[in-house]
Structures are given as structure tokens and as C-alpha cells.
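Quick look at data.txt (compact mmCIF, C-alpha atoms):
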# COMPACT_ATOMS: atom_id res chain seq x y z
CA MET A 1 0.00 0.00 0.00
CA ILE A 2 2.96 2.34 0.56
CA LEU A 3 3.33 2.49 -3.25
CA LEU A 4 0.02 4.31 -3.44
CA THR A 5 1.66 7.33 -1.81
CA ALA A 6 3.55 7.80 -5.11
CA ILE A 7 0.20 8.19 -6.86
CA VAL A 8 -1.09 10.67 -4.26
CA ALA A 9 2.18 12.63 -4.35
CA GLY A 10 2.18 12.63 -8.16
CA ILE A 11 -1.37 13.98 -8.31
CA LEU A 12 -0.58 16.69 -5.73
CA VAL A 13 2.57 17.82 -7.54
CA GLY A 14 0.82 17.64 -10.91
CA VAL A 15 -2.15 19.71 -9.74
CA LEU A 16 0.04 22.28 -7.97
CA GLY A 17 2.38 22.50 -10.98
CA ALA A 18 -0.54 23.01 -13.35
CA TRP A 19 -2.05 25.63 -11.04
CA HIS A 20 1.27 27.45 -10.87
CA ALA A 21 1.59 27.36 -14.65
CA GLY A 22 -1.98 28.61 -15.07
CA VAL A 23 -3.17 25.54 -16.93
CA SER A 24 -5.64 22.83 -15.97
CA TRP A 25 -4.27 19.47 -14.89
CA GLN A 26 -5.14 16.41 -16.93
CA LEU A 27 -4.43 12.77 -16.34
CA PRO A 28 -2.50 11.09 -19.12
CA ILE A 29 -4.66 9.00 -21.42
CA LEU A 30 -3.63 5.37 -21.21
CA ARG A 31 -4.65 2.78 -23.76
CA HIS A 32 -5.77 -0.81 -23.18
CA THR A 33 -6.93 -0.09 -19.61
CA TRP A 34 -8.86 -3.38 -19.67
CA LEU A 35 -5.50 -5.15 -19.72
CA ALA A 36 -4.47 -3.53 -16.42
CA ILE A 37 -7.80 -4.51 -14.85
CA VAL A 38 -7.61 -8.10 -16.12
CA GLY A 39 -3.93 -8.22 -15.19
CA PHE A 40 -4.59 -7.22 -11.60
CA LEU A 41 -7.37 -9.80 -11.13
CA PRO A 42 -5.11 -12.82 -10.40
CA GLN A 43 -3.36 -10.83 -7.65
CA LEU A 44 -6.68 -9.59 -6.29
CA LEU A 45 -7.73 -13.21 -5.86
CA ALA A 46 -4.36 -14.50 -4.63
CA PHE A 47 -3.30 -11.75 -2.21
CA TYR A 48 -6.03 -9.21 -1.49
CA LEU A 49 -9.42 -10.92 -1.11
CA PRO A 50 -9.47 -12.87 2.17
CA ALA A 51 -12.14 -15.24 0.87
CA THR A 52 -9.95 -16.45 -2.01
CA ARG A 53 -6.36 -15.93 -0.87
CA ASN A 54 -6.72 -18.49 1.90
CA LEU A 55 -7.75 -21.12 -0.65
CA LEU A 56 -4.55 -20.89 -2.68
CA ASN A 57 -1.28 -22.59 -1.80
CA LYS A 58 2.18 -21.14 -2.41
CA SER A 59 2.54 -22.54 -5.94
CA GLN A 60 -0.87 -21.31 -7.02
CA ALA A 61 -0.14 -17.87 -5.58
CA ALA A 62 3.16 -17.83 -7.49
CA VAL A 63 1.40 -18.66 -10.76
CA CYS A 64 -1.11 -15.86 -10.12
CA LEU A 65 1.69 -13.37 -9.40
CA VAL A 66 3.73 -14.21 -12.51
CA LEU A 67 0.67 -14.29 -14.79
CA SER A 68 -0.54 -10.99 -13.37
CA GLN A 69 2.81 -9.26 -13.77
CA LEU A 70 3.17 -10.50 -17.35
CA LEU A 71 -0.23 -9.02 -18.22
CA LEU A 72 0.64 -5.76 -16.46
CA LEU A 73 3.92 -5.64 -18.39
CA GLY A 74 1.89 -6.02 -21.58
CA PHE A 75 -0.21 -3.05 -20.48
CA CYS A 76 2.96 -1.01 -19.88
CA LEU A 77 4.41 -1.95 -23.26
CA GLY A 78 1.20 -0.75 -24.90
CA ASN A 79 1.59 2.63 -23.19
CA LEU A 80 5.33 3.20 -23.41
CA LYS A 81 4.84 6.60 -25.04
CA SER A 82 3.28 8.01 -21.85
CA SER A 83 5.83 9.74 -19.64
CA GLY A 84 6.82 7.63 -16.68
CA ILE A 85 5.47 4.34 -18.00
CA ALA A 86 8.89 3.29 -19.32
CA ILE A 87 10.40 3.79 -15.85
CA LEU A 88 7.49 1.90 -14.28
CA ALA A 89 7.87 -0.91 -16.84
CA GLY A 90 11.57 -1.10 -15.99
CA GLY A 91 10.76 -1.57 -12.32
CA LEU A 92 8.12 -4.17 -13.10
CA THR A 93 10.63 -6.05 -15.28
CA LEU A 94 13.22 -6.08 -12.49
CA ASN A 95 10.64 -7.38 -10.01
CA LEU A 96 9.44 -10.00 -12.47
CA LEU A 97 13.01 -11.14 -13.16
CA VAL A 98 13.85 -11.74 -9.50
CA ILE A 99 10.45 -13.31 -8.87
CA LEU A 100 10.90 -15.74 -11.78
CA ALA A 101 14.48 -16.52 -10.74
CA ASN A 102 13.32 -17.46 -7.23
CA GLY A 103 10.38 -19.72 -7.94
CA GLY A 104 7.56 -17.25 -8.56
CA LEU A 105 7.51 -15.13 -5.40
CA MET A 106 9.55 -12.13 -4.24
CA PRO A 107 12.46 -13.23 -2.05
CA LEU A 108 12.90 -11.49 1.29
CA PRO A 109 16.31 -12.09 2.91
CA ILE A 110 16.06 -13.35 6.49
CA GLU A 111 18.68 -10.79 7.44
CA THR A 112 16.42 -7.97 6.21
CA ALA A 113 13.32 -9.35 7.90
CA ASN A 114 15.30 -9.61 11.14
CA LYS A 115 15.88 -5.85 11.09
CA LEU A 116 12.16 -5.04 11.15
CA LEU A 117 10.20 -7.92 12.62
CA PRO A 118 10.13 -8.78 16.33
CA GLN A 119 11.85 -12.03 17.28
CA SER A 120 8.48 -13.48 18.35
CA VAL A 121 7.23 -13.10 14.77
CA MET A 122 10.48 -14.37 13.25
CA ASP A 123 10.19 -17.51 15.38
CA THR A 124 6.88 -18.36 13.69
CA LEU A 125 8.29 -18.10 10.16
CA LYS A 126 10.07 -20.84 8.25
CA ILE A 127 12.61 -20.59 5.44
CA GLY A 128 10.91 -20.76 2.06
CA GLN A 129 7.56 -19.87 3.57
CA ARG A 130 5.38 -16.91 2.62
CA LEU A 131 5.15 -14.25 5.32
CA SER A 132 1.35 -14.56 5.23
CA THR A 133 -1.36 -15.44 2.73
CA GLN A 134 -1.52 -11.77 1.72
CA SER A 135 2.21 -11.49 1.11
CA LYS A 136 4.06 -11.83 -2.20
CA ASP A 137 7.28 -12.47 -0.28
CA ILE A 138 9.01 -15.68 0.71
CA LEU A 139 11.64 -15.76 3.40
CA LEU A 140 15.05 -16.95 2.16
CA PRO A 141 18.65 -16.71 3.38
CA ALA A 142 20.49 -14.06 1.37
CA LYS A 143 22.95 -16.64 0.03
CA GLN A 144 20.15 -18.70 -1.51
CA ILE A 145 18.59 -15.79 -3.38
CA VAL A 146 19.18 -15.56 -7.11
CA LEU A 147 19.71 -11.92 -8.20
CA PRO A 148 19.85 -10.74 -4.57
CA TRP A 149 20.18 -7.05 -5.49
CA LEU A 150 16.72 -7.15 -7.02
CA ALA A 151 15.08 -8.74 -3.97
CA ASP A 152 13.16 -6.97 -1.20
CA ARG A 153 16.34 -5.92 0.59
CA PHE A 154 15.83 -2.23 1.36
CA THR A 155 14.03 -1.19 4.55
CA SER A 156 12.02 1.88 5.46
CA PRO A 157 14.17 4.64 7.00
CA PRO A 158 14.95 4.41 10.74
CA GLY A 159 12.31 6.20 12.78
CA PHE A 160 9.77 6.01 9.97
CA PRO A 161 6.44 5.08 11.62
CA TYR A 162 5.43 2.69 8.85
CA LEU A 163 7.60 -0.39 8.35
CA PHE A 164 8.13 -1.90 4.94
CA VAL A 165 10.74 -3.65 2.83
CA PHE A 166 11.12 -2.87 -0.84
CA SER A 167 13.15 -3.69 -3.93
CA LEU A 168 14.98 -1.65 -6.56
CA GLY A 169 12.07 -2.44 -8.89
CA ASP A 170 9.63 -0.94 -6.38
CA VAL A 171 11.63 2.32 -6.38
CA LEU A 172 11.37 2.54 -10.17
CA ILE A 173 7.66 1.71 -10.07
CA ALA A 174 7.00 4.49 -7.53
CA ALA A 175 9.17 6.93 -9.53
CA GLY A 176 7.41 6.05 -12.78
CA ALA A 177 3.93 6.45 -11.28
CA PHE A 178 4.93 9.76 -9.72
CA TRP A 179 6.38 11.08 -12.99
CA LEU A 180 3.36 9.94 -14.98
CA LEU A 181 1.05 12.01 -12.78
CA ALA A 182 3.31 14.93 -11.88
CA LYS A 183 4.14 15.71 -15.48
CA PRO A 184 0.93 15.12 -17.40
CA LEU A 185 -0.35 16.83 -20.50
CA HIS A 186 -1.75 20.26 -19.71
CA LYS A 187 -4.44 22.11 -21.51
CA PRO A 188 -5.00 25.86 -21.23
CA LYS A 189 -7.69 26.90 -18.75
CA PRO A 190 -10.86 27.96 -20.55
CA THR A 191 -11.30 31.71 -20.47
CA ILE A 192 -14.86 32.81 -19.82
CA MET B 1 -32.92 20.25 4.56
CA LYS B 2 -34.16 21.44 1.17
CA THR B 3 -31.05 23.58 0.77
CA THR B 4 -28.78 20.68 1.62
CA PHE B 5 -30.57 18.45 -0.87
CA ALA B 6 -30.40 21.15 -3.54
CA ARG B 7 -26.66 21.61 -2.94
CA LEU B 8 -26.10 17.85 -3.12
CA SER B 9 -28.05 17.64 -6.37
CA LEU B 10 -26.02 20.50 -7.80
CA SER B 11 -22.75 18.82 -6.80
CA ILE B 12 -23.78 15.52 -8.36
CA SER B 13 -24.92 17.22 -11.55
CA LYS B 14 -21.42 18.69 -11.89
CA ILE B 15 -19.90 15.19 -12.07
CA ASN B 16 -19.43 14.60 -15.77
CA LYS B 17 -17.83 12.02 -18.03
CA THR B 18 -14.38 13.55 -17.55
CA HIS B 19 -14.53 13.12 -13.79
CA ILE B 20 -15.53 9.47 -14.13
CA GLN B 21 -12.74 8.88 -16.66
CA MET B 22 -10.23 10.49 -14.28
CA LEU B 23 -11.42 8.33 -11.40
CA LEU B 24 -11.19 5.22 -13.56
CA MET B 25 -7.67 6.15 -14.65
CA VAL B 26 -6.56 6.63 -11.03
CA VAL B 27 -8.05 3.25 -10.10
CA VAL B 28 -6.26 1.62 -13.06
CA LEU B 29 -2.98 3.25 -12.02
CA ALA B 30 -3.47 2.05 -8.44
CA MET B 31 -4.01 -1.50 -9.71
CA LEU B 32 -0.93 -1.23 -11.93
CA VAL B 33 1.29 0.04 -9.12
CA LEU B 34 0.00 -2.46 -6.55
CA GLY B 35 0.28 -5.30 -9.04
CA ALA B 36 3.73 -4.38 -10.33
CA GLY B 37 5.21 -3.72 -6.90
CA ALA B 38 6.25 -6.29 -4.35
CA VAL B 39 6.65 -4.33 -1.15
CA ALA B 40 6.62 -6.35 2.07
CA ASP B 41 4.35 -4.29 4.24
CA PHE B 42 4.59 -4.64 8.04
CA GLY B 43 2.43 -1.66 8.95
CA GLY B 44 3.18 -0.17 12.32
CA VAL B 45 4.32 -3.45 13.85
CA GLY B 46 7.99 -4.08 14.37
CA ARG B 47 11.11 -3.25 16.26

Represent the supplied structure as C-alpha cells.
Amino acid sequence: MILLTAIVAGILVGVLGAWHAGVSWQLPILRHTWLAIVGFLPQLLAFYLPATRNLLNKSQAAVCLVLSQLLLLGFCLGNLKSSGIAILAGGLTLNLLVILANGGLMPLPIETANKLLPQSVMDTLKIGQRLSTQSKDILLPAKQIVLPWLADRFTSPPGFPYLFVFSLGDVLIAAGAFWLLAKPLHKPKPTI
Amino acid sequence: MKTTFARLSLSISKINKTHIQMLLMVVVLAMLVLGAGAVADFGGVGR
């Protein structure tokens, strides 16, 4: 959910920038929006809806994640001309690469999880296990992770009230979404 | 009460196709970002 702050920040900056420039703010027009909706569906079922996510095992969740990200990548490729989408697609590709290289789910190094999670929670987790049914991450020792620099290895800043772990791909995704909204097409304000 | 209702009706009547398209686009972007990302979210719980 922390990624949604990039959307909110992008809209705020875009609206303020347009207001400062004396033009009205417009969202970029994206094509094939149905592909994004269809592409998100497997993840909605596998990770977000409690009624369905509890029915799927790790392998099924992995298939849903890979299928979903491939469809979303298709959506990005169909909209590469929009500013920011290329950056976002780059981030998605990096995430997809490390996910595919590690069996279909995003690897989370034990060492990274140890920094954020209380020992009582760590004691309940097993190597190779998902953190929860709503998580795309599996816990792995850093040495076992293929493409470790693309894994969820970066943590939220010290003192930050909200704890999360993210990947290099996530940074690009947030940057792309922000740029897409903060630098949209403007049209002159109608003069009445 | 009548004034409130009239104001509400006026506000709703100002919602046009563009607003709905913008809302849809934001929802699509949210789905794209959530689907593309793989952030491990621990909320406020932790060390």
C-alpha cells in the first residue's frame, strides 16, 4: 500500500504545478486499460481478497503473481509513449526477473526481515515460507537468493512510523507512477 | 434540509464524463502500481 503514496504525491505535484503554470491538470490518457484490470485480477484473488487468498497454496499464488505481472507488463508496453510508463515498466521487469528466478515469489532475505520484525514473529516463520497469505514475499537466506540485489532488501528509514521492505524495482515503479502524474499533458484553462 | 438536498443535487450534476474517466484512470494506475510492486508491508508493527 505504501506504493500508493507515489500516486497521491504525483497527483498533488501535478495539480500544484498546473495551477502554478496557469493551466488545468489532466491525467495522461492510457490505452488498453482493460489489460491492467484483467492483469490485476489474479493478484486480487491471490493476495487481497481474504475469501480467495486463503484457498490458494504457495505454488498457485506464485502462478497468479507471474501471470498478473506478465499481463501488467503487456499493459505497460502498450503505453510506453506516456511519460513515466517506461520507468514503471523497468521496475516491473526487475521485479518480475527476480520473482521468476526465485520460484515465482519475491524473495525477502532473512537478514532484512530480522531488522524489522520482532523475534516473536520471526520464530513463527520458516525458510521458504510466505510471510502470510496476503504477502508476495518468501523468506530466504540471502545466500540462496538468485539476483539478490533485485530482492526486497531495502528497509524503510529508521524512525519512519510505517515499516516496509522494498526492492529496486519498487523504487522505479514508484518513480514512474509519480512522474506519470506529476508531469501530465496540460491544456489551457478555458477563459470565460 | 431542502437547501442541503439542492446543494447535493447540484454537486452531483457537476460530475461529468471527464470526472468518471479520471477516477477510472486513477483506479487503473493504483491497480498497476500495486500489481507491479512487491513491497513487504509490516504496517506499524515491528522493532

Each residue of chain B with at least one atom at most 9 Å from chain A should appear once, together with its nearest atom pair and the corresponding distance in Å (one decimal); atoms considered: only C-alpha atoms; ordering: chain, then increasing residue number; output as a tab-separated table.
residue	atom	partner	partner_atom	distance
B:Met22	CA	A:Leu27	CA	6.6
B:Met25	CA	A:Leu27	CA	7.6
B:Val26	CA	A:Ile7	CA	8.1
B:Val28	CA	A:Ala36	CA	6.4
B:Leu29	CA	A:Ala177	CA	7.7
B:Ala30	CA	A:Leu4	CA	6.5
B:Met31	CA	A:Phe40	CA	6.1
B:Leu32	CA	A:Ala36	CA	6.2
B:Val33	CA	A:Ile173	CA	6.7
B:Leu34	CA	A:Leu3	CA	6.8
B:Gly35	CA	A:Phe40	CA	5.8
B:Ala36	CA	A:Leu92	CA	5.2
B:Gly37	CA	A:Asp170	CA	5.2
B:Ala38	CA	A:Lys136	CA	6.3
B:Val39	CA	A:Phe166	CA	4.7
B:Ala40	CA	A:Val165	CA	5.0
B:Asp41	CA	A:Phe164	CA	4.5
B:Phe42	CA	A:Leu163	CA	5.2
B:Gly43	CA	A:Tyr162	CA	5.3
B:Gly44	CA	A:Tyr162	CA	5.0
B:Val45	CA	A:Leu163	CA	7.1
B:Gly46	CA	A:Leu117	CA	4.8
B:Arg47	CA	A:Leu116	CA	5.5

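For the pair CA of Arg53 (chain A) and CA of Ile145 (chain A), the separation is 25.1 Å.
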
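From CA of Trp25 (chain A) back to CA of Asn16 (chain B), the distance works out to 15.9 Å.
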
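When CA of Leu150 (chain A) is paired with CA of Leu97 (chain A), their separation reads 8.2 Å.
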
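The list of residues with at least one atom within 6 Å of Pro109 (chain A), based on all atoms listed in the file and without residues fewer than 6 positions apart in the same chain, reads Leu139, Leu140, Pro141 and Ala142 of chain A.
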
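Of the residues listed (A:Val23, A:Lys58, A:Val66, A:Gly17), A:Val66 shows the shortest atom-to-atom separation from Val98 (chain A); distances use only C-alpha atoms.
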